[in-house]
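Student: Below is the file final-v8.cif, with mmCIF, C-alpha atoms.
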```cif
data_protein
loop_
_atom_site.label_atom_id
_atom_site.label_comp_id
_atom_site.auth_asym_id
_atom_site.auth_seq_id
_atom_site.Cartn_x
_atom_site.Cartn_y
_atom_site.Cartn_z
CA MET A 137 30.04 186.06 123.64
CA SER A 138 32.03 188.95 125.06
CA PRO A 139 35.59 189.51 123.79
CA ALA A 140 36.97 188.57 127.21
CA LEU A 141 35.05 185.27 127.26
CA ALA A 142 36.02 184.53 123.68
CA LYS A 143 39.67 185.12 124.49
CA SER A 144 39.42 182.91 127.58
CA SER A 145 37.72 180.15 125.58
CA GLU A 146 40.39 180.30 122.88
CA LYS A 147 43.15 180.13 125.52
CA LEU A 148 41.54 177.06 127.09
CA LYS A 149 41.24 175.41 123.68
CA ASN A 150 44.93 176.03 122.98
CA GLU A 151 45.93 174.63 126.37
CA ILE A 152 43.92 171.46 125.73
CA GLU A 153 45.50 171.11 122.27
CA ASP A 154 48.96 171.57 123.80
CA ASN A 155 48.20 168.76 126.25
CA TYR A 156 47.38 166.42 123.36
CA HIS A 157 50.75 167.16 121.78
CA LYS A 158 52.49 166.28 125.05
CA GLY A 159 51.46 162.69 124.41
CA VAL A 160 49.24 159.99 125.83
CA LYS A 161 51.64 159.06 128.62
CA TYR A 162 51.18 162.61 129.92
CA LEU A 163 47.39 162.22 129.68
CA HIS A 164 47.51 158.84 131.43
CA GLU A 165 49.66 160.21 134.25
CA SER A 166 47.30 163.17 134.66
CA GLY A 167 44.64 160.66 135.73
CA ILE A 168 42.06 161.12 132.98
CA GLN A 169 39.00 158.91 133.39
CA LYS A 170 37.78 158.93 129.80
CA VAL A 171 39.29 159.28 126.37
CA PRO A 172 39.24 162.89 125.10
CA LYS A 173 37.19 163.53 121.98
CA LYS A 174 40.42 164.11 120.02
CA TYR A 175 41.16 160.35 120.30
CA ILE A 176 37.72 158.93 119.52
CA PHE A 177 37.64 157.19 116.14
CA PRO A 178 34.54 157.06 113.93
CA ILE A 179 32.40 154.04 114.80
CA SER A 180 33.32 152.25 111.56
CA GLU A 181 37.04 152.47 112.42
CA ARG A 182 36.91 151.44 116.08
CA PRO A 183 37.92 148.03 117.41
CA ASN A 184 34.76 145.97 117.74
CA SER A 185 35.80 142.91 119.74
CA TYR A 186 35.93 143.92 123.39
CA ASN A 187 34.72 142.25 126.57
CA ILE A 188 32.84 143.88 129.45
CA ASN A 189 36.11 144.96 131.09
CA GLY A 190 37.10 146.97 128.03
CA ASN A 191 39.91 144.61 127.04
CA PRO A 192 40.41 142.70 123.78
CA GLU A 193 38.48 139.47 123.57
CA VAL A 194 40.65 136.36 123.34
CA ASN A 195 38.74 134.37 120.79
CA SER A 196 40.32 131.76 118.56
CA LYS A 197 38.81 133.10 115.38
CA HIS A 198 40.24 136.53 116.15
CA ASN A 199 43.75 135.23 116.76
CA LEU A 200 46.11 134.30 113.98
CA LYS A 201 49.09 132.01 114.11
CA LEU A 202 51.44 133.47 111.57
CA PRO A 203 53.82 131.21 109.67
CA ILE A 204 56.87 130.58 111.85
CA ILE A 205 60.25 130.69 110.13
CA ASP A 206 63.06 128.94 111.99
CA PHE A 207 65.99 131.08 110.93
CA ALA A 208 68.60 128.55 112.04
CA GLN A 209 67.16 126.04 109.56
CA LEU A 210 68.19 128.31 106.68
CA TYR A 211 71.79 127.29 107.32
CA GLY A 212 71.28 123.55 107.22
CA PRO A 213 70.06 120.84 104.84
CA ASN A 214 66.48 122.18 104.99
CA ARG A 215 67.28 125.55 103.38
CA ALA A 216 65.17 124.87 100.28
CA GLN A 217 62.09 124.00 102.37
CA VAL A 218 62.57 127.07 104.57
CA LEU A 219 62.85 129.29 101.48
CA ASP A 220 59.57 127.83 100.22
CA SER A 221 57.94 128.60 103.58
CA LEU A 222 59.37 132.11 103.50
CA SER A 223 57.98 132.70 100.01
CA TYR A 224 54.57 131.35 101.03
CA ALA A 225 54.46 133.62 104.10
CA CYS A 226 55.43 136.76 102.16
CA GLU A 227 53.01 136.01 99.33
CA ASN A 228 49.96 134.98 101.37
CA TYR A 229 50.32 136.76 104.72
CA GLY A 230 52.88 139.54 104.29
CA PHE A 231 53.96 138.64 107.84
CA PHE A 232 55.81 135.86 109.65
CA GLN A 233 57.29 135.19 113.06
CA LEU A 234 61.05 134.61 113.11
CA ILE A 235 62.59 132.34 115.76
CA ASN A 236 66.16 131.14 116.40
CA HIS A 237 67.39 134.32 114.69
CA GLY A 238 70.71 134.51 116.51
CA ILE A 239 70.24 137.82 118.35
CA PRO A 240 71.03 137.16 122.03
CA GLU A 241 68.09 137.23 124.43
CA GLU A 242 69.96 139.73 126.60
CA VAL A 243 70.18 142.23 123.71
CA ILE A 244 66.43 141.92 123.16
CA LYS A 245 65.49 142.29 126.81
CA SER A 246 67.87 145.21 127.28
CA MET A 247 66.31 147.12 124.37
CA VAL A 248 62.77 146.69 125.72
CA ASP A 249 63.97 147.61 129.20
CA VAL A 250 65.86 150.76 128.23
CA GLY A 251 63.00 151.81 125.94
CA GLY A 252 60.60 151.55 128.87
CA ARG A 253 62.95 153.55 131.09
CA PHE A 254 63.12 156.31 128.49
CA PHE A 255 59.35 156.70 128.63
CA ASP A 256 59.56 156.69 132.42
CA LEU A 257 61.65 159.87 132.29
CA PRO A 258 59.91 163.13 133.25
CA LEU A 259 58.16 164.88 130.37
CA VAL A 260 60.63 167.75 130.56
CA GLU A 261 63.39 165.29 129.65
CA ARG A 262 61.46 163.49 126.90
CA GLU A 263 60.18 166.64 125.22
CA LYS A 264 63.75 167.77 124.50
CA TYR A 265 63.45 165.52 121.45
CA MET A 266 59.94 166.59 120.45
CA THR A 267 59.75 167.95 116.91
CA THR A 268 57.56 167.68 113.83
CA ASP A 269 60.61 167.73 111.53
CA MET A 270 60.67 164.26 109.95
CA THR A 271 64.26 164.62 108.78
CA THR A 272 65.87 164.91 112.23
CA PRO A 273 68.05 162.04 113.57
CA VAL A 274 65.84 161.69 116.64
CA ARG A 275 62.18 162.54 117.06
CA TYR A 276 59.87 162.16 120.02
CA GLY A 277 56.19 162.49 119.28
CA THR A 278 52.70 161.16 119.65
CA SER A 279 49.90 159.67 117.52
CA PHE A 280 50.70 158.52 113.95
CA ASN A 281 51.35 161.74 112.03
CA GLN A 282 50.49 164.41 114.56
CA THR A 283 50.73 167.33 112.13
CA LYS A 284 48.06 165.76 109.89
CA ASP A 285 45.98 163.47 112.14
CA GLY A 286 42.41 164.65 112.57
CA VAL A 287 41.93 161.97 115.23
CA PHE A 288 44.91 161.18 117.44
CA CYS A 289 46.12 157.65 118.22
CA TRP A 290 46.88 156.34 121.70
CA ARG A 291 50.64 156.08 121.12
CA ASP A 292 53.83 157.92 121.97
CA PHE A 293 57.04 157.14 120.08
CA LEU A 294 60.75 157.76 119.88
CA LYS A 295 62.18 157.48 116.36
CA LEU A 296 65.90 157.06 115.77
CA VAL A 297 67.65 157.33 112.42
CA CYS A 298 70.41 154.69 112.57
CA ASP A 299 72.72 155.63 109.72
CA PRO A 300 75.31 156.88 109.33
CA LEU A 301 75.70 155.90 112.98
CA PRO A 302 78.76 158.06 113.84
CA GLN A 303 76.88 161.16 112.67
CA VAL A 304 73.48 160.47 114.25
CA LEU A 305 74.57 158.92 117.55
CA PRO A 306 75.47 162.23 119.27
CA HIS A 307 71.83 163.32 118.72
CA TRP A 308 70.31 160.23 120.37
CA PRO A 309 69.05 160.50 123.97
CA SER A 310 71.81 160.41 126.56
CA SER A 311 69.35 159.51 129.29
CA PRO A 312 68.90 156.84 130.56
CA SER A 313 72.69 156.65 130.80
CA ASP A 314 72.86 153.28 129.02
CA PHE A 315 70.33 154.15 126.31
CA ARG A 316 72.81 154.76 123.52
CA GLU A 317 74.84 151.65 124.32
CA MET A 318 71.78 149.37 124.35
CA ALA A 319 70.20 150.97 121.27
CA VAL A 320 73.43 150.86 119.23
CA THR A 321 73.94 147.16 120.01
CA TYR A 322 70.34 146.39 119.10
CA SER A 323 70.43 148.42 115.86
CA LYS A 324 73.64 146.69 114.71
CA GLU A 325 72.26 143.23 115.48
CA THR A 326 69.00 143.87 113.63
CA LYS A 327 70.88 145.29 110.63
CA ILE A 328 72.94 142.09 110.35
CA LEU A 329 69.77 140.02 110.64
CA PHE A 330 68.06 142.14 107.97
CA ILE A 331 70.89 141.53 105.48
CA LYS A 332 70.66 137.77 106.06
CA LEU A 333 66.89 137.91 105.57
CA VAL A 334 67.31 139.90 102.36
CA GLU A 335 69.64 137.22 101.00
CA ALA A 336 67.00 134.59 101.71
CA ILE A 337 64.13 136.67 100.31
CA LEU A 338 65.98 137.44 97.08
CA GLU A 339 66.77 133.75 96.71
CA SER A 340 63.12 132.88 97.39
CA LEU A 341 62.15 135.24 94.54
CA GLY A 342 64.51 133.37 92.22
CA ILE A 343 67.07 136.18 92.21
CA ASN A 344 70.60 134.86 92.60
CA VAL A 345 72.73 136.88 94.98
CA ALA A 346 76.29 136.48 96.14
CA THR A 347 76.21 134.60 99.44
CA LYS A 348 78.36 131.95 101.00
CA HIS A 349 75.72 129.45 99.84
CA LYS A 350 76.43 130.28 96.20
CA ILE A 351 79.45 128.96 94.33
CA GLN A 352 79.05 131.43 91.47
CA GLN A 353 78.62 135.15 91.85
CA ASN A 354 78.97 138.23 89.70
CA ASP A 355 79.49 141.97 90.05
CA GLU A 356 75.78 142.68 89.62
CA ASP A 357 74.93 140.38 92.53
CA ASP A 358 77.62 141.99 94.68
CA GLU A 359 76.32 145.46 93.86
CA MET A 360 72.74 144.56 94.75
CA LEU A 361 73.66 143.17 98.15
CA LYS A 362 76.03 146.08 98.82
CA GLU A 363 73.17 148.50 98.27
CA PHE A 364 71.13 146.75 100.97
CA GLU A 365 74.15 146.72 103.30
CA ASP A 366 74.42 150.50 102.83
CA GLY A 367 70.67 150.86 103.24
CA SER A 368 68.54 152.95 105.55
CA GLN A 369 67.45 151.91 109.03
CA LEU A 370 64.95 153.65 111.26
CA MET A 371 64.07 152.44 114.76
CA ALA A 372 60.77 153.36 116.38
CA VAL A 373 60.27 152.66 120.07
CA ASN A 374 56.50 152.70 120.62
CA PHE A 375 54.77 153.17 123.96
CA TYR A 376 51.06 152.50 124.52
CA PRO A 377 49.92 153.38 128.07
CA PRO A 378 46.70 152.00 129.56
CA CYS A 379 43.65 153.63 127.99
CA PRO A 380 40.38 154.30 129.88
CA ASN A 381 38.25 153.55 126.80
CA PRO A 382 40.17 151.15 124.54
CA ASP A 383 37.02 150.42 122.54
CA LEU A 384 36.92 154.00 121.24
CA THR A 385 40.44 154.47 119.93
CA LEU A 386 43.48 152.76 118.41
CA GLY A 387 47.18 152.63 119.25
CA MET A 388 47.91 152.93 115.53
CA PRO A 389 45.47 153.14 112.62
CA PRO A 390 45.48 150.70 109.71
CA HIS A 391 48.66 151.27 107.70
CA SER A 392 51.38 149.52 105.76
CA ASP A 393 55.11 150.10 106.28
CA TYR A 394 56.94 152.09 103.64
CA GLY A 395 60.28 150.22 103.77
CA PHE A 396 61.56 146.88 102.52
CA LEU A 397 61.24 144.84 105.72
CA THR A 398 60.20 145.67 109.28
CA LEU A 399 61.51 143.65 112.23
CA LEU A 400 59.14 144.17 115.14
CA LEU A 401 60.00 143.28 118.71
CA GLN A 402 56.97 143.02 121.02
CA ASP A 403 56.73 142.66 124.76
CA GLU A 404 54.30 140.06 126.16
CA VAL A 405 51.22 142.31 125.84
CA GLU A 406 49.20 141.62 122.71
CA GLY A 407 47.94 144.46 120.55
CA LEU A 408 49.18 144.00 116.96
CA GLN A 409 46.46 143.09 114.48
CA VAL A 410 46.85 142.12 110.82
CA LYS A 411 44.22 142.37 108.07
CA CYS A 412 43.63 138.83 106.83
CA ASN A 413 40.78 137.89 104.51
CA ASP A 414 38.98 141.16 105.32
CA ASP A 415 39.07 140.42 109.04
CA TRP A 416 41.28 141.88 111.77
CA VAL A 417 43.18 139.17 113.61
CA THR A 418 45.43 139.49 116.66
CA ILE A 419 49.04 138.31 116.53
CA GLN A 420 50.06 136.41 119.64
CA PRO A 421 53.51 137.45 120.91
CA ILE A 422 56.17 134.72 121.00
CA PRO A 423 58.93 135.40 123.55
CA ASN A 424 62.19 136.57 121.90
CA ALA A 425 60.74 136.22 118.41
CA PHE A 426 60.50 138.95 115.78
CA VAL A 427 57.36 139.69 113.82
CA VAL A 428 58.66 140.41 110.32
CA ASN A 429 56.51 142.09 107.71
CA VAL A 430 56.81 142.95 104.03
CA GLY A 431 57.00 146.69 103.41
CA ASP A 432 55.79 148.74 100.46
CA HIS A 433 59.28 148.74 98.91
CA LEU A 434 59.44 144.94 98.87
CA GLU A 435 55.98 144.73 97.31
CA ILE A 436 57.20 147.09 94.58
CA PHE A 437 60.56 145.29 94.23
CA SER A 438 58.82 141.90 93.89
CA ASN A 439 56.39 143.45 91.38
CA GLY A 440 53.46 142.59 93.60
CA LYS A 441 54.31 138.97 94.37
CA TYR A 442 55.05 139.68 98.03
CA LYS A 443 52.36 141.69 99.80
CA SER A 444 52.65 144.70 102.07
CA VAL A 445 49.69 144.11 104.36
CA LEU A 446 47.58 146.46 106.46
CA HIS A 447 48.07 146.23 110.21
CA ARG A 448 46.97 148.24 113.25
CA VAL A 449 47.44 148.30 117.02
CA LEU A 450 44.84 147.93 119.77
CA VAL A 451 45.27 149.27 123.29
CA ASN A 452 43.88 148.04 126.61
CA SER A 453 42.83 149.50 129.95
CA LEU A 454 45.17 147.58 132.25
CA LYS A 455 48.70 147.28 130.86
CA SER A 456 51.24 149.42 129.09
CA ARG A 457 52.72 147.93 125.93
CA ILE A 458 56.12 148.54 124.34
CA SER A 459 57.28 147.54 120.89
CA VAL A 460 60.45 148.30 118.95
CA ALA A 461 60.13 148.46 115.16
CA SER A 462 63.28 148.38 113.06
CA LEU A 463 62.41 149.52 109.53
CA HIS A 464 64.94 148.68 106.83
CA SER A 465 65.23 149.52 103.17
CA LEU A 466 67.63 150.65 100.46
CA PRO A 467 69.52 153.94 100.96
CA PHE A 468 67.31 157.05 101.25
CA ASN A 469 68.43 158.31 97.85
CA SER A 470 67.84 155.01 96.03
CA ILE A 471 65.18 154.53 93.38
CA ILE A 472 62.75 151.77 94.35
CA LYS A 473 61.35 149.87 91.37
CA PRO A 474 60.41 146.32 90.37
CA SER A 475 63.50 144.16 89.98
CA PRO A 476 64.43 143.90 86.29
CA LYS A 477 65.03 140.19 86.92
CA LEU A 478 61.31 139.76 87.65
CA ILE A 479 60.00 141.75 84.66
CA SER A 480 59.16 140.18 81.32
CA GLU A 481 56.67 140.49 78.47
CA THR A 482 54.32 138.19 80.33
CA ASN A 483 54.97 139.88 83.68
CA PRO A 484 55.18 143.63 82.98
CA SER A 485 56.01 146.22 85.62
CA LEU A 486 53.03 147.05 87.87
CA TYR A 487 54.55 149.96 89.78
CA LYS A 488 56.08 153.36 89.13
CA ASP A 489 59.61 154.11 90.30
CA THR A 490 59.68 155.84 93.68
CA ASN A 491 62.08 157.05 96.37
CA PHE A 492 62.11 158.10 100.01
CA ALA A 493 61.77 161.80 99.15
CA ALA A 494 58.47 161.09 97.40
CA PHE A 495 57.23 159.28 100.50
CA LEU A 496 58.18 162.20 102.78
CA GLU A 497 56.40 164.65 100.51
CA TYR A 498 53.35 162.43 100.57
CA LEU A 499 53.41 162.31 104.39
CA LYS A 500 53.54 166.08 104.57
CA SER A 501 50.69 166.59 102.13
CA CYS A 502 47.97 164.09 103.02
CA ASP A 503 46.70 161.12 104.99
CA SER A 504 49.27 158.32 105.06
CA THR A 505 47.18 155.58 106.67
CA ASN A 506 45.89 152.45 104.98
CA LYS A 507 47.96 151.71 101.85
CA SER A 508 47.36 155.09 100.27
CA PHE A 509 51.00 155.81 99.36
CA LEU A 510 51.50 152.39 97.76
CA GLU A 511 48.28 152.89 95.77
CA THR A 512 49.78 156.05 94.22
CA ARG A 513 52.72 153.99 92.97
CA LYS A 514 50.63 151.49 91.01
CA LEU A 515 50.47 151.70 87.24
CA THR A 516 46.94 151.66 85.90
#
```
Just dump the structure as structure tokens.

Tutor:
Amino acid sequence: MSPALAKSSEKLKNEIEDNYHKGVKYLHESGIQKVPKKYIFPISERPNSYNINGNPEVNSKHNLKLPIIDFAQLYGPNRAQVLDSLSYACENYGFFQLINHGIPEEVIKSMVDVGGRFFDLPLVEREKYMTTDMTTPVRYGTSFNQTKDGVFCWRDFLKLVCDPLPQVLPHWPSSPSDFREMAVTYSKETKILFIKLVEAILESLGINVATKHKIQQNDEDDEMLKEFEDGSQLMAVNFYPPCPNPDLTLGMPPHSDYGFLTLLLQDEVEGLQVKCNDDWVTIQPIPNAFVVNVGDHLEIFSNGKYKSVLHRVLVNSLKSRISVASLHSLPFNSIIKPSPKLISETNPSLYKDTNFAAFLEYLKSCDSTNKSFLETRKLT
């Protein structure tokens, strides 16, 4: 090949690569008719339950009804039974659907709506927030970990660090004009809900914490709950545009969440799948409900009793899908380790101590899909 042709070929290759980093919404709007090679997963990792129209099959054995926790029942005479159900869900599924959680329907709808309008902005507006720096207060990007992904996922995202709010808020998108207002309200509501869920989860593990349901409390209990109240919160608004070949790619690859709990808000379009008994099963959206899942930190904290479970996202050829994940944990500088109250001679610690910095270093250095980070924390 002549030097001129080689230079031209290299320029074309760079332009194509640049287009991938502009995101899948950009590709969709450009009118592509087939999935680029960059997004095609190995056959063994592709979704394998699709109908002739290229959309997920709706088959009862591939759909899972997660345990449903009625949050309002926690504050009535049935609290003990609800705590048992919560423990069963965390231990056997790692996921549950949460209803009657107290967050107003208008707050939920507004967050989905303003998230969609952000992705409707011109690329020139969205890419103002595009960066590969994982420590920034706001980050717009594509795929799963675009600096490391060999194969890209069919997802664009906007990630927002939510604390300390007064410091990070000026960095959040100012367009759409009501974005900050809607996102702040939603982040505050989900943080309150997270704290209430933590109280219930600690109680379900047999760890006494200071709540209004407890007559006795001590400084240690107060300190534990205060640490969660001061904890980290990251919101990820995910956008999955229609895909011309949904059988060849994924919206997100199999992964577990690194935090303590994730509160996921879905629109009406299905796509979330959970690994259950070695099979991938689709989670049916329930209007105004949250899908809550155990994160790696809670698995470590519970010394393995509660399970951080693999999940992934499918895409389809007809409809866009939006989800809002609110990931919560202890403060970024906290040490995550099994609770001393759950460790004994007969139940020794199964995990090494870890922290958020170790997770970030892991993300930068290698593949972070599946449960690879959590596996590095296990004691052998």

Student: Skip stretch 437-451 of chain A itself and residues of its chain fewer than 2 positions away, then list as a list in words all residues within 6 Å of it, counting all atoms listed in the file.

Tutor: Cys226, Glu227, Gly230, Pro382, Leu386, Gly387, Met388, Pro389, Pro390, His391, Ser392, Gly407, Leu408, Gln409, Val410, Lys411, Val430, Gly431, Asp432, His433, Leu434, Glu435, Lys473, Pro474 and Ser475 of chain A

Student: Could you produce a table of the residues of stretch 429-485 of chain A lying within 12 Å of stretch 158-171 of chain A, with the nearest pair of atoms per residue and their separation in Å rounded to one decimal, using all atoms listed in the file, ordered by chain and increasing residue number, as a Markdown table?

Tutor:
```
| residue | atom | partner | partner_atom | distance |
| --- | --- | --- | --- | --- |
| A:Val451 | CA | A:Val160 | CA | 11.7 |
| A:Ser453 | CA | A:His164 | CA | 10.6 |
| A:Leu454 | CA | A:His164 | CA | 11.5 |
| A:Lys455 | CA | A:His164 | CA | 11.6 |
| A:Ser456 | CA | A:Lys161 | CA | 9.7 |
| A:Arg457 | CA | A:Lys161 | CA | 11.5 |
```

Student: Any idea what the distance is between atom CA of A:Leu478 and atom CA of A:Ile436?

Tutor: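 Rounded to one decimal, the two atoms are 10.9 Å apart.
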
Student: Nearest residue to A:Glu325 out of A:Ser508, A:Ser311, A:Thr272, A:Ser462, using only C-alpha atoms?

Tutor: A:Ser462

Student: Name the residues that the PyMOL selection byres ((chain A and resi 205-213) around 6) pulls out of this structure, and write them as a list in words.

Tutor: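 Evaluating the PyMOL selection byres ((chain A and resi 205-213) around 6) on this file yields Ile204, Asn214, Arg215, Leu234, Ile235, Asn236 and His237 of chain A.
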
Student: What is the atom CA of A:Val274 to atom CA of A:Ala461 distance in Å?

Tutor: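 We find that atom CA of A:Val274 and atom CA of A:Ala461 lie 14.5 Å from each other.
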
Student: One number please: atom CA of A:Asn374 to atom CA of A:Ser279, in Å, one decimal.

Tutor: 10.1 Å

Student: Which of these, A:Glu481, A:Asp393, A:Glu317, A:Glu335, has the shortest distance to A:Ser246 once you count all atoms listed in the file?

Tutor: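 Among the listed residues, A:Glu317 lies closest to A:Ser246.
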
Student: I need the residue set behind the PyMOL selection byres ((chain A and resi 263-266) around 10) for this file; please write it as a PDB file with C-alpha atoms, keeping the file's coordinate frame.

Tutor:
```pdb
ATOM      1  CA  HIS A 157      50.750 167.160 121.780  1.00  0.00           C
ATOM      2  CA  LYS A 158      52.490 166.280 125.050  1.00  0.00           C
ATOM      3  CA  GLY A 159      51.460 162.690 124.410  1.00  0.00           C
ATOM      4  CA  LEU A 257      61.650 159.870 132.290  1.00  0.00           C
ATOM      5  CA  PRO A 258      59.910 163.130 133.250  1.00  0.00           C
ATOM      6  CA  LEU A 259      58.160 164.880 130.370  1.00  0.00           C
ATOM      7  CA  VAL A 260      60.630 167.750 130.560  1.00  0.00           C
ATOM      8  CA  GLU A 261      63.390 165.290 129.650  1.00  0.00           C
ATOM      9  CA  ARG A 262      61.460 163.490 126.900  1.00  0.00           C
ATOM     10  CA  THR A 267      59.750 167.950 116.910  1.00  0.00           C
ATOM     11  CA  THR A 268      57.560 167.680 113.830  1.00  0.00           C
ATOM     12  CA  ASP A 269      60.610 167.730 111.530  1.00  0.00           C
ATOM     13  CA  THR A 272      65.870 164.910 112.230  1.00  0.00           C
ATOM     14  CA  PRO A 273      68.050 162.040 113.570  1.00  0.00           C
ATOM     15  CA  VAL A 274      65.840 161.690 116.640  1.00  0.00           C
ATOM     16  CA  ARG A 275      62.180 162.540 117.060  1.00  0.00           C
ATOM     17  CA  TYR A 276      59.870 162.160 120.020  1.00  0.00           C
ATOM     18  CA  GLY A 277      56.190 162.490 119.280  1.00  0.00           C
ATOM     19  CA  THR A 278      52.700 161.160 119.650  1.00  0.00           C
ATOM     20  CA  PHE A 293      57.040 157.140 120.080  1.00  0.00           C
ATOM     21  CA  LEU A 294      60.750 157.760 119.880  1.00  0.00           C
ATOM     22  CA  LYS A 295      62.180 157.480 116.360  1.00  0.00           C
ATOM     23  CA  HIS A 307      71.830 163.320 118.720  1.00  0.00           C
ATOM     24  CA  TRP A 308      70.310 160.230 120.370  1.00  0.00           C
ATOM     25  CA  PRO A 309      69.050 160.500 123.970  1.00  0.00           C
TER      26      PRO A 309
END
```

Student: Smallest atom-to-atom distance to A:Met371: which of A:Thr482, A:Thr326, A:Thr271, A:Asn413, using only C-alpha atoms?

Tutor: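 Closest to A:Met371, using only C-alpha atoms: A:Thr326.
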
Student: Rank A:Tyr224, A:Phe280, A:Phe495, A:Tyr394 by their smallest atom-to-atom distance to A:Ser465, using only C-alpha atoms, and report the top residue only.

Tutor: A:Tyr394
